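Enquirer: There's a structure below that I have some questions on.
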Amino acid sequence: MKTTIFTGSGVAIVTPMNPDGSVNYDSFARLIDFQLENQTDAIIACGTTGESATLSHEEHVQVIRFVAERVAGRVPVIAGTGSNDTAYSLELSQEAKNVGADALLLLTPYYNKTSQAGLISHFTYVADRVDLPVMLYNVPSRTAIEINPATYLELSKHPRIVAIKEAGGKFSAIAQTMHLCGDTLDLYSGNDDQIVPLMSLGAKGVVSVLANVMPAVTHQICAEYLAGNVRESLALQLRYLPLANALFCDVSPMPVKDALNQMGFGVGSCRLPLVSLSQTNSSLLRAEMKNAGLI
């Protein structure tokens with residue numbers, strides 16, 4: 001059995017911005033502290049929610065460094081270092097290790113896509129050269145390519161490829177992956193509306209957007225399930241489902257940044273090409289936040 005990176009709720013944390021578009025490290029520190037005070041089990045920096053696509057190389061490395069230093073070993077820090085350029089993904093992954101990341105999150109190559117054989121070569125190339133555990137990230141809605149169960153099986157043979165974040169939503173394929181791979185790959189839900197369903201297939205937890213605003217609740221959904229309290233876990237999943245859905249009323253992380261701003265965290269706007277929420281969607285989100293007791 002391979003080493004498990006974390007169990008429970010890992011927050012896919014936003015990257016706060018100043019009005020001039022630079023990273024707001026004061027707000028970032030406050031947000032990290034909020035997560036640690038409210039039972040988040042891991043912090044994922046520079047993922048999709050962290051706007052990794054519009055961070056410069058220097059910003060990307062500095063954000064990972066900042067998170068690792070602020071967390072100071074209290075929970076695992078997982079660095080998003082995926083790219084459609086294998087050589088650059090390796091470079092970024094090596095730098096992430098050097099500045100204190102505990103594990104890597106590698107998404108499938110976007111735009112140029114590649115074949116299943118190419119996916120195996122791409123992920124293996126990075127995992128061979130960086131001595132950190134690797135979580136693969138399957139998110140076909142973003143990348144236009146998905147990892148097939150047979151490909152997961154081949155990748156699971158690598159000693160450093162230990163986990164998968166599944167945001168594909170294809171339960172039959174996920175079940176087949178778990179059947180093939182067993183305990184050689186830990187499964188995490190990549191969708192907040194599917195935490196309990198994926199835990200029923202053996203998931204260890206979730207990489208969560210919802211946890212940005214409700215870290216304790218997201219932790220509890222996972223903790224109740226893992227403790228055998230399935231009904232309680234399901235009740236929480238369904239109770240907060242409207243809020244989880246509202247956080248995807250537009251392109252993420254636009255809604256979750258709006259929500260955090262409404263909560264007073266001052267995380268600013270997204271970088272272009274992402275924009276602020278429409279008034280209609282912001283009002284919808286606010287209503288669900290009130291229903292959830294956030295504001």
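Scheme for the structure tokens: letters A, B, ... for chains in order shown; per-chain residue numbers from 1; ligand numbers from 1 in order shown.
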If you run DSSP over the backbone, which residues in segment 89-233 of chain A end up strand (DSSP E or B)? Put them as a list in words.

Expert: Ala103, Leu104, Leu105, Leu106, Leu107, Val134, Met135, Leu136, Tyr137, Asn138, Ile161, Val162, Ala163, Ile164, Lys165, Glu166, Asp186, Leu187, Tyr188, Ser189, Gly205, Val206, Val207 and Ser208 of chain A

Enquirer: Skipping near chain neighbours, those fewer than 3 positions away, what residues fall within 10 Å of segment 249-260 of chain A using only C-alpha atoms, listed as a PyMOL selection string?

Expert: chain A and resi 12-17+31+48-51+209-213+243-246+263-271+274-278+281-282+284-286+289+294-295

Enquirer: Counting only C-alpha atoms, which residues in segment 150-258 of chain A sit no more than 12 Å from segment 78-87 of chain A? For each one, give the nearest pair of atoms and the distance in Å, sorted by chain then residue number, as a tab-separated table.

Expert:
```
residue	atom	partner	partner_atom	distance
A:Ala163	CA	A:Ile78	CA	11.8
A:Lys165	CA	A:Gly80	CA	11.7
A:Val207	CA	A:Ile78	CA	10.3
```

Enquirer: With a distance cut-off of 9 Å and only C-alpha atoms, select the neighbouring residues of Pro159 of chain A, excluding the residue or stretch itself and same-chain residues fewer than 6 positions from it, and output the selection as an mmCIF file with N, CA and C atoms, in the first residue's frame.

Expert:
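This is the output file result.cif:
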```
data_model
loop_
_atom_site.group_PDB
_atom_site.id
_atom_site.type_symbol
_atom_site.label_atom_id
_atom_site.label_comp_id
_atom_site.auth_asym_id
_atom_site.auth_seq_id
_atom_site.Cartn_x
_atom_site.Cartn_y
_atom_site.Cartn_z
ATOM 1 N N LYS A 2 0.501 2.242 -0.819
ATOM 2 C CA LYS A 2 1.276 3.470 -0.907
ATOM 3 C C LYS A 2 0.896 4.446 0.206
ATOM 4 N N ALA A 127 6.981 12.243 -12.664
ATOM 5 C CA ALA A 127 7.084 11.441 -11.444
ATOM 6 C C ALA A 127 8.453 10.783 -11.293
ATOM 7 N N PRO A 133 5.147 12.634 -3.722
ATOM 8 C CA PRO A 133 3.961 11.905 -4.171
ATOM 9 C C PRO A 133 3.142 12.747 -5.146
ATOM 10 N N THR A 184 -3.744 0.840 -4.769
ATOM 11 C CA THR A 184 -2.546 1.444 -5.369
ATOM 12 C C THR A 184 -2.772 2.898 -5.764
#
```

Enquirer: Tell me which of A:Ile43, A:Leu90, A:Val139, A:Ile174 sits closest to Tyr125 of chain A, counting only C-alpha atoms.

Expert: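 Of the candidates, the smallest distance to Tyr125 of chain A is held by A:Leu90.
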
Enquirer: Near Pro215 of chain A, within 10 Å and counting only C-alpha atoms, which residues show up once chain neighbours fewer than 5 positions away are dropped, as a PyMOL selection string?

Expert: chain A and resi 9-11+34-41+208-210+220

Enquirer: Please report, as a tab-separated table, each residue of segment 158-184 of chain A lying at most 12 Å from segment 98-122 of chain A, together with the nearest pair of atoms and the separation in Å rounded to one decimal; use only C-alpha atoms, and order rows by chain and ascending residue number.

Expert:
```
residue	atom	partner	partner_atom	distance
A:His158	CA	A:Ile120	CA	10.2
A:Arg160	CA	A:Ala103	CA	9.6
A:Ile161	CA	A:Leu104	CA	9.5
A:Val162	CA	A:Ala103	CA	9.9
A:Ala163	CA	A:Leu105	CA	9.1
A:Ile164	CA	A:Leu105	CA	8.7
A:Lys165	CA	A:Leu105	CA	8.4
A:Glu166	CA	A:Leu107	CA	10.3
A:Ala167	CA	A:Leu107	CA	10.7
A:Gly168	CA	A:Thr108	CA	11.7
```

Enquirer: Could those residues be written to a file, using C-alpha atoms, as an mmCIF file, in the first residue's frame?

Expert:
```
data_model
loop_
_atom_site.group_PDB
_atom_site.id
_atom_site.type_symbol
_atom_site.label_atom_id
_atom_site.label_comp_id
_atom_site.auth_asym_id
_atom_site.auth_seq_id
_atom_site.Cartn_x
_atom_site.Cartn_y
_atom_site.Cartn_z
ATOM 1 C CA HIS A 158 4.627 4.040 -10.502
ATOM 2 C CA ARG A 160 5.235 8.053 -6.683
ATOM 3 C CA ILE A 161 1.842 8.239 -8.421
ATOM 4 C CA VAL A 162 -0.373 7.643 -5.404
ATOM 5 C CA ALA A 163 -3.699 9.409 -5.921
ATOM 6 C CA ILE A 164 -6.283 10.783 -8.316
ATOM 7 C CA LYS A 165 -8.572 13.800 -8.149
ATOM 8 C CA GLU A 166 -11.612 12.802 -10.197
ATOM 9 C CA ALA A 167 -13.726 15.608 -11.642
ATOM 10 C CA GLY A 168 -14.978 13.700 -14.664
#
```

Enquirer: List every residue of segment 172-206 of chain A that has an atom at most 9 Å from any atom of segment 152-157 of chain A, and for each one report the closest atom pair and its distance in Å to one decimal, counting only C-alpha atoms, with rows sorted by chain and then by increasing residue number, as CSV.

Expert:
```
residue,atom,partner,partner_atom,distance
A:Thr177,CA,A:Tyr152,CA,6.7
A:Leu180,CA,A:Leu153,CA,6.3
A:Cys181,CA,A:Leu153,CA,5.5
A:Thr184,CA,A:Ser156,CA,5.8
A:Leu185,CA,A:Ser156,CA,6.1
```

Enquirer: Please give the complete set of residues from segment 17-237 of chain A that DSSP, run on the backbone, assigns to alpha helix (DSSP H), formatted as a ChimeraX atom specification.

Expert: /A:25-37,57-71,86-98,116-129,140-143,149-155,171-181,195-199,215-226,230-237

Enquirer: Which residue gives the smallest distance to Gly182 of chain A among A:Ala42, A:Leu92, A:Leu201, A:Ala53, with only C-alpha atoms counted?

Expert: A:Leu201

Enquirer: Interatomic distance between atom CA of Ala292 of chain A and atom CA of Gln279 of chain A?

Expert: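 That distance, rounded to one decimal, is 19.8 Å.
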
Enquirer: Would you mind telling me which residue in A:Asp183, A:Gly8, A:Met214, A:Ile44 lies nearest to Gly293 of chain A when using only C-alpha atoms?

Expert: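 Among the listed residues, the smallest separation from Gly293 of chain A belongs to A:Met214.
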
Enquirer: With distances taken over only C-alpha atoms, which of A:Ile147, A:Ser89, A:Pro19, A:Ala96 is nearest to Val126 of chain A?

Expert: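 Using only C-alpha atoms, the shortest distance to Val126 of chain A belongs to A:Ser89.
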
Enquirer: Counting only C-alpha atoms, which residue out of A:Asn229, A:Ser22, A:Ser189, A:Thr280 sits closest to Glu59 of chain A?

Expert: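 Checking each of A:Asn229, A:Ser22, A:Ser189, A:Thr280 against Glu59 of chain A, counting only C-alpha atoms, the winner is A:Ser22.
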
Enquirer: Got a sec: who's within 12 Å of Val230 of chain A, counting only C-alpha atoms, leaving out chain neighbours fewer than 4 positions off, as number ranges by chain?

Expert: A: 195-197, 199-200, 220-226, 234-237

Enquirer: Set the distance at 9 Å and use only C-alpha atoms: which residues neighbour Ala29 of chain A once local chain neighbours fewer than 6 positions away are removed? I'd like the list as a PDB file with N, CA and C atoms, in the first residue's frame.

Expert:
```
ATOM      1  N   PHE A  66       4.821  30.614  -0.061  1.00  0.00           N
ATOM      2  CA  PHE A  66       4.085  31.332   0.980  1.00  0.00           C
ATOM      3  C   PHE A  66       3.146  30.387   1.730  1.00  0.00           C
ATOM      4  N   VAL A  67       2.410  29.585   0.981  1.00  0.00           N
ATOM      5  CA  VAL A  67       1.474  28.654   1.618  1.00  0.00           C
ATOM      6  C   VAL A  67       2.234  27.658   2.487  1.00  0.00           C
ATOM      7  N   ARG A  70       3.475  29.406   5.635  1.00  0.00           N
ATOM      8  CA  ARG A  70       2.383  29.783   6.550  1.00  0.00           C
ATOM      9  C   ARG A  70       1.797  28.544   7.225  1.00  0.00           C
TER      10      ARG A  70
END
```
